[in-house]
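*Asks:* The structure that follows is given in the form of structure tokens.
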Amino acid sequence: MKKLDSLLPLLVGLLFLTAWEISVRWLKVPLFVLPPPSAIVTSLIEDFPSLLGSLFFTLEITIGAFLLASFAGVLLACLFAHSRLAERALMPYAIILQVTPVVAIAPLIILWVGLDNAWAALFILATLVAFFPVLSSSLLGFRSVDYGLRNLFRLYGATRWQIFTRLELPSALPFMLSGMKVAGGLALIGAIVAEFVAGSGTATGLAWRIVEAGNRLNMPRMFAALLLLSAMGILLHVGLSTLENLALRHWHESKLRRDS
Amino acid sequence: MLDSAGADVKPIVLDRISKRFANGFVALEDFSLTLRPGEFVSLIGPSGCGKSTVLSLVAGLSEPSAGSIAWPDGGRDQIGFVFQEPTLMPWATIRDNVALPLSLAGKAATVDDALAKVGLAGFADAYPRQLSGGMKMRASIARAMAMRPSLLLLDEPFAALDEITRFDLIEQLLALWQEQRFSVLFVTHSITESVFMSQRVVVMAPRPGRVTAEVRIDEPAPRQPEFRSRPSYAAWCGELLDALRHAKAATS
């Protein structure tokens, strides 16, 4: 049963690709409208060296932005959790950043850091997009510390640092990780969208390869770039899920397997 | 005051303590209690009579609005506290949970002995979620005992347990008390528990929380399970029930 569970999506994918290949060939759909999977694979192999460079460019921005957003989000959540004043003063601005679409501020940021600094602009934009879920989840986490445990730590004379590292951080950890899982996906979206906006010649990530291939009606390459992009997204998600599993598997309800 | 060895031992004295919360609610008014070393005292009364408030004041988790608490050595004693809930850290093993008070104080800790005493030997590396409610409570008691407290505060620790588990735990706790002779302040809803365990039962009434009666359970220690089926046990329970009725009449 378990084997079938993991084989099922593979089987569906294979069926879908076969149907795609057959119908495109049979209906003689032009290559620039919808290329068959075989053409996409060929393009992926042929263009692999140059696509790989773009992949690394985008991956670097995504991971960098994700790390910075996670770090800053947790840090700010920690500050807000300990100081109502800081939260009152700064939270509205965090929300404004969150609700303003990144596409709208992208031209501004790009202008500010300079067109030849596209990398920095993309990095900033991706970080801005990924930052908020970490902040709000972590803040909820810091606020969810069990009252009884807090009393216990006080009773035994725990220092503030002990309370932070041994009570607040572990309590908030599941929330942080859940926020980071969202942030991983958002960082990638941010990196891609920002590159779309940044436009020609400035950046060499996967997003630009997609635009470029589209302009040249090179659909197989466009699909190949798309394929790499979603592979990257999947990898990011799997990586973060694994991290979450490792950190929580012993104790958290969400990782509990119950016999029903 | 003299203990069994004839040495001079001072009690913990709560002197006319009041606790008024910020919203104006008077949880406790003019509450006085003298707790002799090694004494087992129960606080019993209806919900809202301030008995849990007494514990948190004694533990230093909140400050009295009026009155004072005098400690024998000037400073607060080493306290163990067992809450209503097991209050274990879900991310830590039973070993780490029980060792928490020691490790917070920077002491190297072996807790195997403490675990064995509450019947949890072999569960040191388990996580709380793998244990039953009764076992979690045992771990919580082991943690309270880890620092070898001179005063143990119990806030209805058995309320959520089934009767068999409860009797088991009560006997283990009494055995620990017999062996180490710490003082106990035991908050409970249960007449039978308080009669079975304590040397003295303080009856409280709510609005405002205060003492209305005190019953000395004059039975030899250690108490055996057979005590529960003796006529004197029933008589003590009856006397306490009366006292609680009076407390209720005084309120309404």
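Letters A, B, ... mark the chains of the structure tokens in the order given; residue numbers begin at 1 per chain; ligand numbers begin at 1, in order shown.
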Please, which residues in chain B fall within 7 Å of chain A when counting only C-alpha atoms, and what is the closest atom pair and distance in Å to one decimal for each, ordered by chain then residue number, as a Markdown table?

*Replies:*
| residue | atom | partner | partner_atom | distance |
| --- | --- | --- | --- | --- |
| B:Ala59 | CA | A:Leu155 | CA | 6.8 |
| B:Leu61 | CA | A:Leu155 | CA | 6.7 |
| B:Thr87 | CA | A:Leu149 | CA | 5.9 |
| B:Pro90 | CA | A:Trp251 | CA | 5.7 |
| B:Trp91 | CA | A:Trp251 | CA | 5.3 |
| B:Pro101 | CA | A:Tyr156 | CA | 5.8 |
| B:Leu104 | CA | A:Ala158 | CA | 5.9 |
| B:Tyr127 | CA | A:Trp251 | CA | 6.5 |
| B:Arg129 | CA | A:Trp251 | CA | 6.7 |

*Asks:* Those same residues, written as a PDB file, in the first residue's frame with C-alpha atoms?

*Replies:*
ATOM      1  CA  ALA B  59       6.435  30.186  46.416  1.00  0.00           C
ATOM      2  CA  LEU B  61       5.412  33.774  42.385  1.00  0.00           C
ATOM      3  CA  THR B  87       3.862  21.076  33.418  1.00  0.00           C
ATOM      4  CA  PRO B  90       7.434  18.551  25.767  1.00  0.00           C
ATOM      5  CA  TRP B  91      10.743  18.951  23.934  1.00  0.00           C
ATOM      6  CA  PRO B 101      15.762  22.664  38.791  1.00  0.00           C
ATOM      7  CA  LEU B 104      19.064  25.828  36.185  1.00  0.00           C
ATOM      8  CA  TYR B 127       9.446  12.121  26.055  1.00  0.00           C
ATOM      9  CA  ARG B 129       4.012  12.629  25.234  1.00  0.00           C
TER      10      ARG B 129
END

*Asks:* Excluding same-chain residues fewer than 4 positions from Ala118 in chain A, what lies within 12 Å of it counting only C-alpha atoms, as a VMD selection string?

*Replies:* chain A and resid 57 to 58 61 106 to 107 109 to 114 122 to 125 191 194 to 205 208

*Asks:* Save out the residues we just selected, C-alpha atoms, as a PDB file, in the first residue's frame.

*Replies:*
ATOM      1  CA  PHE A  57      22.244  32.881  -9.555  1.00  0.00           C
ATOM      2  CA  THR A  58      18.591  32.523  -8.545  1.00  0.00           C
ATOM      3  CA  ILE A  61      19.546  35.002  -4.045  1.00  0.00           C
ATOM      4  CA  ALA A 106      10.779  46.800  -7.185  1.00  0.00           C
ATOM      5  CA  PRO A 107      11.536  49.666  -9.631  1.00  0.00           C
ATOM      6  CA  ILE A 109      14.662  49.581  -5.018  1.00  0.00           C
ATOM      7  CA  ILE A 110      16.398  48.870  -8.309  1.00  0.00           C
ATOM      8  CA  LEU A 111      16.806  52.561  -8.913  1.00  0.00           C
ATOM      9  CA  TRP A 112      18.192  53.122  -5.453  1.00  0.00           C
ATOM     10  CA  VAL A 113      20.813  50.416  -5.500  1.00  0.00           C
ATOM     11  CA  GLY A 114      21.706  51.141  -9.105  1.00  0.00           C
ATOM     12  CA  LEU A 122      16.833  41.219  -6.069  1.00  0.00           C
ATOM     13  CA  PHE A 123      18.267  40.174  -2.737  1.00  0.00           C
ATOM     14  CA  ILE A 124      16.562  43.031  -0.898  1.00  0.00           C
ATOM     15  CA  LEU A 125      13.227  42.433  -2.601  1.00  0.00           C
ATOM     16  CA  ALA A 191      13.605  36.600  -6.417  1.00  0.00           C
ATOM     17  CA  ALA A 194      11.936  41.090  -8.821  1.00  0.00           C
ATOM     18  CA  GLU A 195      14.016  39.860 -11.709  1.00  0.00           C
ATOM     19  CA  PHE A 196      11.056  40.139 -14.068  1.00  0.00           C
ATOM     20  CA  VAL A 197      10.719  43.755 -13.035  1.00  0.00           C
ATOM     21  CA  ALA A 198      14.446  44.492 -13.139  1.00  0.00           C
ATOM     22  CA  GLY A 199      14.351  43.762 -16.821  1.00  0.00           C
ATOM     23  CA  SER A 200      16.849  43.226 -19.568  1.00  0.00           C
ATOM     24  CA  GLY A 201      20.556  42.748 -19.256  1.00  0.00           C
ATOM     25  CA  THR A 202      20.721  43.486 -15.567  1.00  0.00           C
ATOM     26  CA  ALA A 203      20.376  40.052 -14.119  1.00  0.00           C
ATOM     27  CA  THR A 204      21.031  36.572 -15.311  1.00  0.00           C
ATOM     28  CA  GLY A 205      18.736  34.442 -13.191  1.00  0.00           C
ATOM     29  CA  TRP A 208      15.336  36.420 -17.112  1.00  0.00           C
TER      30      TRP A 208
END

*Asks:* Could you give me, as an mmCIF file with N, CA and C atoms, in the first residue's frame, each residue of range 24-102 of chain A that DSSP assigns to alpha helix (DSSP H) when run on this structure's backbone?

*Replies:*
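Output file out_25.cif follows:
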data_model
loop_
_atom_site.group_PDB
_atom_site.id
_atom_site.type_symbol
_atom_site.label_atom_id
_atom_site.label_comp_id
_atom_site.auth_asym_id
_atom_site.auth_seq_id
_atom_site.Cartn_x
_atom_site.Cartn_y
_atom_site.Cartn_z
ATOM 1 N N VAL A 24 0.534 16.389 -28.951
ATOM 2 C CA VAL A 24 1.234 17.484 -29.642
ATOM 3 C C VAL A 24 1.704 17.026 -31.023
ATOM 4 N N ARG A 25 2.250 15.800 -31.092
ATOM 5 C CA ARG A 25 2.722 15.278 -32.372
ATOM 6 C C ARG A 25 1.563 15.001 -33.321
ATOM 7 N N TRP A 26 0.507 14.442 -32.769
ATOM 8 C CA TRP A 26 -0.617 14.028 -33.594
ATOM 9 C C TRP A 26 -1.381 15.230 -34.143
ATOM 10 N N LEU A 27 -1.520 16.279 -33.255
ATOM 11 C CA LEU A 27 -2.260 17.472 -33.678
ATOM 12 C C LEU A 27 -1.362 18.463 -34.406
ATOM 13 N N PRO A 37 7.279 17.187 -24.581
ATOM 14 C CA PRO A 37 8.242 16.944 -23.505
ATOM 15 C C PRO A 37 9.624 16.551 -24.032
ATOM 16 N N SER A 38 9.670 15.817 -25.109
ATOM 17 C CA SER A 38 10.968 15.384 -25.626
ATOM 18 C C SER A 38 11.826 16.586 -26.036
ATOM 19 N N ALA A 39 11.186 17.599 -26.641
ATOM 20 C CA ALA A 39 11.924 18.800 -27.051
ATOM 21 C C ALA A 39 12.422 19.569 -25.842
ATOM 22 N N ILE A 40 11.606 19.557 -24.786
ATOM 23 C CA ILE A 40 11.996 20.266 -23.555
ATOM 24 C C ILE A 40 13.218 19.601 -22.941
ATOM 25 N N VAL A 41 13.198 18.262 -22.916
ATOM 26 C CA VAL A 41 14.335 17.533 -22.341
ATOM 27 C C VAL A 41 15.592 17.781 -23.172
ATOM 28 N N THR A 42 15.434 17.767 -24.497
ATOM 29 C CA THR A 42 16.576 18.032 -25.377
ATOM 30 C C THR A 42 17.167 19.400 -25.098
ATOM 31 N N SER A 43 16.276 20.390 -24.963
ATOM 32 C CA SER A 43 16.741 21.755 -24.712
ATOM 33 C C SER A 43 17.428 21.849 -23.349
ATOM 34 N N LEU A 44 16.843 21.122 -22.398
ATOM 35 C CA LEU A 44 17.415 21.124 -21.047
ATOM 36 C C LEU A 44 18.848 20.597 -21.078
ATOM 37 N N ILE A 45 19.065 19.542 -21.867
ATOM 38 C CA ILE A 45 20.401 18.948 -21.947
ATOM 39 C C ILE A 45 21.359 19.869 -22.702
ATOM 40 N N GLU A 46 20.860 20.415 -23.829
ATOM 41 C CA GLU A 46 21.723 21.274 -24.664
ATOM 42 C C GLU A 46 22.115 22.562 -23.964
ATOM 43 N N PHE A 48 22.045 23.117 -20.810
ATOM 44 C CA PHE A 48 22.266 22.908 -19.379
ATOM 45 C C PHE A 48 23.377 23.775 -18.787
ATOM 46 N N PRO A 49 24.529 23.869 -19.425
ATOM 47 C CA PRO A 49 25.598 24.683 -18.830
ATOM 48 C C PRO A 49 25.177 26.125 -18.575
ATOM 49 N N SER A 50 24.510 26.737 -19.537
ATOM 50 C CA SER A 50 24.135 28.141 -19.325
ATOM 51 C C SER A 50 22.950 28.252 -18.367
ATOM 52 N N LEU A 51 22.023 27.283 -18.434
ATOM 53 C CA LEU A 51 20.881 27.303 -17.505
ATOM 54 C C LEU A 51 21.351 27.091 -16.067
ATOM 55 N N LEU A 52 22.369 26.256 -15.929
ATOM 56 C CA LEU A 52 22.889 25.968 -14.593
ATOM 57 C C LEU A 52 23.411 27.243 -13.923
ATOM 58 N N GLY A 53 24.095 28.086 -14.736
ATOM 59 C CA GLY A 53 24.586 29.355 -14.213
ATOM 60 C C GLY A 53 23.441 30.213 -13.699
ATOM 61 N N SER A 54 22.361 30.268 -14.473
ATOM 62 C CA SER A 54 21.188 31.049 -14.058
ATOM 63 C C SER A 54 20.556 30.458 -12.815
ATOM 64 N N LEU A 55 20.528 29.124 -12.790
ATOM 65 C CA LEU A 55 19.946 28.439 -11.641
ATOM 66 C C LEU A 55 20.694 28.831 -10.366
ATOM 67 N N PHE A 56 22.024 28.826 -10.450
ATOM 68 C CA PHE A 56 22.810 29.161 -9.259
ATOM 69 C C PHE A 56 22.600 30.604 -8.841
ATOM 70 N N PHE A 57 22.497 31.475 -9.844
ATOM 71 C CA PHE A 57 22.244 32.881 -9.555
ATOM 72 C C PHE A 57 20.960 33.038 -8.732
ATOM 73 N N THR A 58 19.881 32.413 -9.227
ATOM 74 C CA THR A 58 18.591 32.523 -8.545
ATOM 75 C C THR A 58 18.622 31.804 -7.191
ATOM 76 N N LEU A 59 19.272 30.657 -7.170
ATOM 77 C CA LEU A 59 19.347 29.880 -5.925
ATOM 78 C C LEU A 59 20.076 30.668 -4.840
ATOM 79 N N GLU A 60 21.158 31.319 -5.253
ATOM 80 C CA GLU A 60 21.955 32.102 -4.318
ATOM 81 C C GLU A 60 21.124 33.216 -3.685
ATOM 82 N N ILE A 61 20.391 33.919 -4.552
ATOM 83 C CA ILE A 61 19.546 35.002 -4.045
ATOM 84 C C ILE A 61 18.472 34.458 -3.130
ATOM 85 N N THR A 62 17.840 33.364 -3.565
ATOM 86 C CA THR A 62 16.742 32.799 -2.781
ATOM 87 C C THR A 62 17.221 32.367 -1.397
ATOM 88 N N ILE A 63 18.305 31.612 -1.368
ATOM 89 C CA ILE A 63 18.786 31.100 -0.082
ATOM 90 C C ILE A 63 19.303 32.228 0.800
ATOM 91 N N GLY A 64 20.034 33.155 0.184
ATOM 92 C CA GLY A 64 20.518 34.303 0.947
ATOM 93 C C GLY A 64 19.368 35.095 1.548
ATOM 94 N N ALA A 65 18.362 35.368 0.727
ATOM 95 C CA ALA A 65 17.209 36.139 1.192
ATOM 96 C C ALA A 65 16.460 35.371 2.270
ATOM 97 N N PHE A 66 16.332 34.067 2.051
ATOM 98 C CA PHE A 66 15.628 33.237 3.031
ATOM 99 C C PHE A 66 16.341 33.284 4.384
ATOM 100 N N LEU A 67 17.654 33.140 4.360
ATOM 101 C CA LEU A 67 18.416 33.132 5.613
ATOM 102 C C LEU A 67 18.315 34.468 6.332
ATOM 103 N N LEU A 68 18.489 35.546 5.569
ATOM 104 C CA LEU A 68 18.423 36.867 6.193
ATOM 105 C C LEU A 68 17.022 37.136 6.737
ATOM 106 N N ALA A 69 15.995 36.773 5.951
ATOM 107 C CA ALA A 69 14.613 36.998 6.377
ATOM 108 C C ALA A 69 14.309 36.197 7.640
ATOM 109 N N SER A 70 14.799 34.963 7.693
ATOM 110 C CA SER A 70 14.547 34.125 8.866
ATOM 111 C C SER A 70 15.214 34.710 10.094
ATOM 112 N N PHE A 71 16.466 35.091 9.908
ATOM 113 C CA PHE A 71 17.226 35.641 11.020
ATOM 114 C C PHE A 71 16.576 36.923 11.533
ATOM 115 N N ALA A 72 16.289 37.835 10.605
ATOM 116 C CA ALA A 72 15.715 39.121 10.996
ATOM 117 C C ALA A 72 14.314 38.929 11.575
ATOM 118 N N GLY A 73 13.547 38.012 10.986
ATOM 119 C CA GLY A 73 12.178 37.770 11.459
ATOM 120 C C GLY A 73 12.177 37.266 12.891
ATOM 121 N N VAL A 74 13.027 36.292 13.173
ATOM 122 C CA VAL A 74 13.093 35.728 14.528
ATOM 123 C C VAL A 74 13.591 36.780 15.515
ATOM 124 N N LEU A 75 14.596 37.535 15.084
ATOM 125 C CA LEU A 75 15.175 38.551 15.961
ATOM 126 C C LEU A 75 14.142 39.620 16.333
ATOM 127 N N LEU A 76 13.413 40.076 15.307
ATOM 128 C CA LEU A 76 12.421 41.123 15.549
ATOM 129 C C LEU A 76 11.256 40.579 16.373
ATOM 130 N N ALA A 77 10.857 39.329 16.108
ATOM 131 C CA ALA A 77 9.775 38.706 16.880
ATOM 132 C C ALA A 77 10.169 38.631 18.346
ATOM 133 N N CYS A 78 11.427 38.302 18.562
ATOM 134 C CA CYS A 78 11.947 38.208 19.929
ATOM 135 C C CYS A 78 11.887 39.569 20.606
ATOM 136 N N LEU A 79 12.273 40.598 19.869
ATOM 137 C CA LEU A 79 12.220 41.965 20.401
ATOM 138 C C LEU A 79 10.781 42.360 20.733
ATOM 139 N N PHE A 80 9.866 42.081 19.794
ATOM 140 C CA PHE A 80 8.459 42.442 19.995
ATOM 141 C C PHE A 80 7.865 41.685 21.174
ATOM 142 N N ALA A 81 8.257 40.420 21.317
ATOM 143 C CA ALA A 81 7.695 39.601 22.393
ATOM 144 C C ALA A 81 8.115 40.137 23.757
ATOM 145 N N HIS A 82 9.296 40.757 23.812
ATOM 146 C CA HIS A 82 9.785 41.232 25.094
ATOM 147 C C HIS A 82 9.488 42.696 25.341
ATOM 148 N N ARG A 84 6.538 45.491 24.473
ATOM 149 C CA ARG A 84 5.287 45.973 23.886
ATOM 150 C C ARG A 84 5.529 47.275 23.127
ATOM 151 N N LEU A 85 6.403 48.088 23.718
ATOM 152 C CA LEU A 85 6.683 49.402 23.142
ATOM 153 C C LEU A 85 7.256 49.235 21.729
ATOM 154 N N ALA A 86 8.230 48.351 21.600
ATOM 155 C CA ALA A 86 8.851 48.120 20.297
ATOM 156 C C ALA A 86 7.817 47.599 19.309
ATOM 157 N N GLU A 87 6.938 46.728 19.785
ATOM 158 C CA GLU A 87 5.934 46.183 18.884
ATOM 159 C C GLU A 87 4.997 47.280 18.391
ATOM 160 N N ARG A 88 4.506 48.087 19.366
ATOM 161 C CA ARG A 88 3.606 49.181 19.007
ATOM 162 C C ARG A 88 4.245 50.086 17.963
ATOM 163 N N ALA A 89 5.528 50.376 18.178
ATOM 164 C CA ALA A 89 6.201 51.357 17.335
ATOM 165 C C ALA A 89 6.509 50.810 15.944
ATOM 166 N N LEU A 90 6.882 49.540 15.866
ATOM 167 C CA LEU A 90 7.424 49.026 14.607
ATOM 168 C C LEU A 90 6.490 48.114 13.817
ATOM 169 N N MET A 91 5.560 47.454 14.531
ATOM 170 C CA MET A 91 4.726 46.459 13.854
ATOM 171 C C MET A 91 3.946 47.037 12.667
ATOM 172 N N PRO A 92 3.366 48.256 12.815
ATOM 173 C CA PRO A 92 2.625 48.798 11.669
ATOM 174 C C PRO A 92 3.470 48.878 10.398
ATOM 175 N N TYR A 93 4.756 49.180 10.572
ATOM 176 C CA TYR A 93 5.618 49.304 9.397
ATOM 177 C C TYR A 93 5.923 47.939 8.789
ATOM 178 N N ALA A 94 6.049 46.955 9.661
ATOM 179 C CA ALA A 94 6.244 45.590 9.164
ATOM 180 C C ALA A 94 5.035 45.168 8.339
ATOM 181 N N ILE A 95 3.850 45.561 8.821
ATOM 182 C CA ILE A 95 2.631 45.194 8.100
ATOM 183 C C ILE A 95 2.552 45.936 6.772
ATOM 184 N N ILE A 96 2.917 47.203 6.790
ATOM 185 C CA ILE A 96 2.904 47.969 5.537
ATOM 186 C C ILE A 96 3.817 47.314 4.511
ATOM 187 N N LEU A 97 4.996 46.908 4.971
ATOM 188 C CA LEU A 97 5.929 46.214 4.071
ATOM 189 C C LEU A 97 5.294 44.952 3.502
ATOM 190 N N GLN A 98 4.548 44.270 4.358
ATOM 191 C CA GLN A 98 3.950 43.008 3.948
ATOM 192 C C GLN A 98 2.839 43.211 2.929
ATOM 193 N N VAL A 99 1.990 44.225 3.156
ATOM 194 C CA VAL A 99 0.827 44.374 2.284
ATOM 195 C C VAL A 99 1.144 45.114 0.982
ATOM 196 N N VAL A 102 5.349 43.490 -3.836
ATOM 197 C CA VAL A 102 6.771 43.668 -4.105
ATOM 198 C C VAL A 102 7.021 44.231 -5.512
#

*Asks:* I'd like the contact shell of Leu151 in chain B - 8 Å cut-off, only C-alpha atoms, skipping same-chain residues fewer than 6 positions apart - returned as number ranges by chain.

*Replies:* B: 77-80, 182-185

*Asks:* Okay, now the selection with C-alpha atoms, as a short mmCIF file (atom, residue, chain, number, x, y, z; two decimals), in the first residue's frame?

*Replies:*
data_model
loop_
_atom_site.label_atom_id
_atom_site.label_comp_id
_atom_site.auth_asym_id
_atom_site.auth_seq_id
_atom_site.Cartn_x
_atom_site.Cartn_y
_atom_site.Cartn_z
CA ASP B 77 13.42 27.76 51.87
CA GLN B 78 14.23 25.34 49.11
CA ILE B 79 10.79 24.80 47.59
CA GLY B 80 9.36 22.04 45.44
CA PHE B 182 9.95 17.99 54.36
CA SER B 183 6.96 20.18 55.20
CA VAL B 184 3.97 19.94 52.88
CA LEU B 185 1.31 22.44 51.98
#

*Asks:* Give the strand (DSSP E or B) residues of range 101-157 of chain B, as assigned by DSSP on the backbone, as a tab-separated table (two decimals) with C-alpha atoms, in the first residue's frame.

*Replies:*
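What landed in selection.tsv:
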chain	number	residue	atom	x	y	z
B	151	LEU	CA	8.97	22.57	51.70
B	152	LEU	CA	6.75	20.89	49.14
B	153	LEU	CA	3.78	22.76	47.65
B	154	LEU	CA	1.09	20.63	46.03
B	155	ASP	CA	-1.68	22.29	44.01

*Asks:* I'd like the interatomic distance between CA of Met197 in chain B and CA of Leu174 in chain B, to a tenth of an Å.

*Replies:*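 Going from CA of Met197 in chain B over to CA of Leu174 in chain B covers 7.2 Å.
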
*Asks:* Residues at most 10 Å from Leu115 in chain B, counting only C-alpha atoms, excluding those fewer than 5 positions away in the same chain, as a ChimeraX atom specification?

*Replies:* /B:94-95,98,110,120-124,138-139,141-143,145-146

*Asks:* Output C-alpha atoms for every residue in that selection, as a PDB file, in the first residue's frame.

*Replies:*
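Final file, selection00.pdb:
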ATOM      1  CA  ILE B  94      11.906  12.893  31.324  1.00  0.00           C
ATOM      2  CA  ARG B  95      15.499  12.925  32.572  1.00  0.00           C
ATOM      3  CA  VAL B  98      13.320  16.136  36.228  1.00  0.00           C
ATOM      4  CA  THR B 110      21.805  12.485  38.373  1.00  0.00           C
ATOM      5  CA  LEU B 120       9.730   5.804  36.591  1.00  0.00           C
ATOM      6  CA  ALA B 121      12.995   3.879  36.378  1.00  0.00           C
ATOM      7  CA  GLY B 122      13.582   3.008  32.746  1.00  0.00           C
ATOM      8  CA  PHE B 123      11.616   5.997  31.432  1.00  0.00           C
ATOM      9  CA  ALA B 124      14.432   8.540  31.716  1.00  0.00           C
ATOM     10  CA  ARG B 138       5.073  11.117  38.769  1.00  0.00           C
ATOM     11  CA  ALA B 139       7.739  12.870  36.722  1.00  0.00           C
ATOM     12  CA  ILE B 141       6.728  14.987  41.575  1.00  0.00           C
ATOM     13  CA  ALA B 142      10.224  13.647  40.928  1.00  0.00           C
ATOM     14  CA  ARG B 143      11.202  17.074  39.579  1.00  0.00           C
ATOM     15  CA  MET B 145      11.901  16.428  44.796  1.00  0.00           C
ATOM     16  CA  ALA B 146      15.071  16.891  42.768  1.00  0.00           C
TER      17      ALA B 146
END

*Asks:* If we count only C-alpha atoms and set the cut-off at 12 Å, which residues sit around Gly50 in chain B, ignoring sequence neighbours fewer than 4 positions away in its own chain? Please answer as a count of residues only.

*Replies:* 32

*Asks:* Enter the distance from CA of Thr34 in chain B to CA of Ser65 in chain B, in Å, rounded to one decimal.

*Replies:* 18.9 Å

*Asks:* Using only C-alpha atoms, pick whichever of B:Trp177, B:Lys136, B:Leu161, B:Pro231 has the shortest atom-to-atom distance to Arg148 in chain B.

*Replies:*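 That would be B:Trp177, the residue with the smallest distance to Arg148 in chain B.
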
*Asks:* By how many Å are CA of Ala247 in chain B and CA of Thr212 in chain B apart?

*Replies:* 6.0 Å
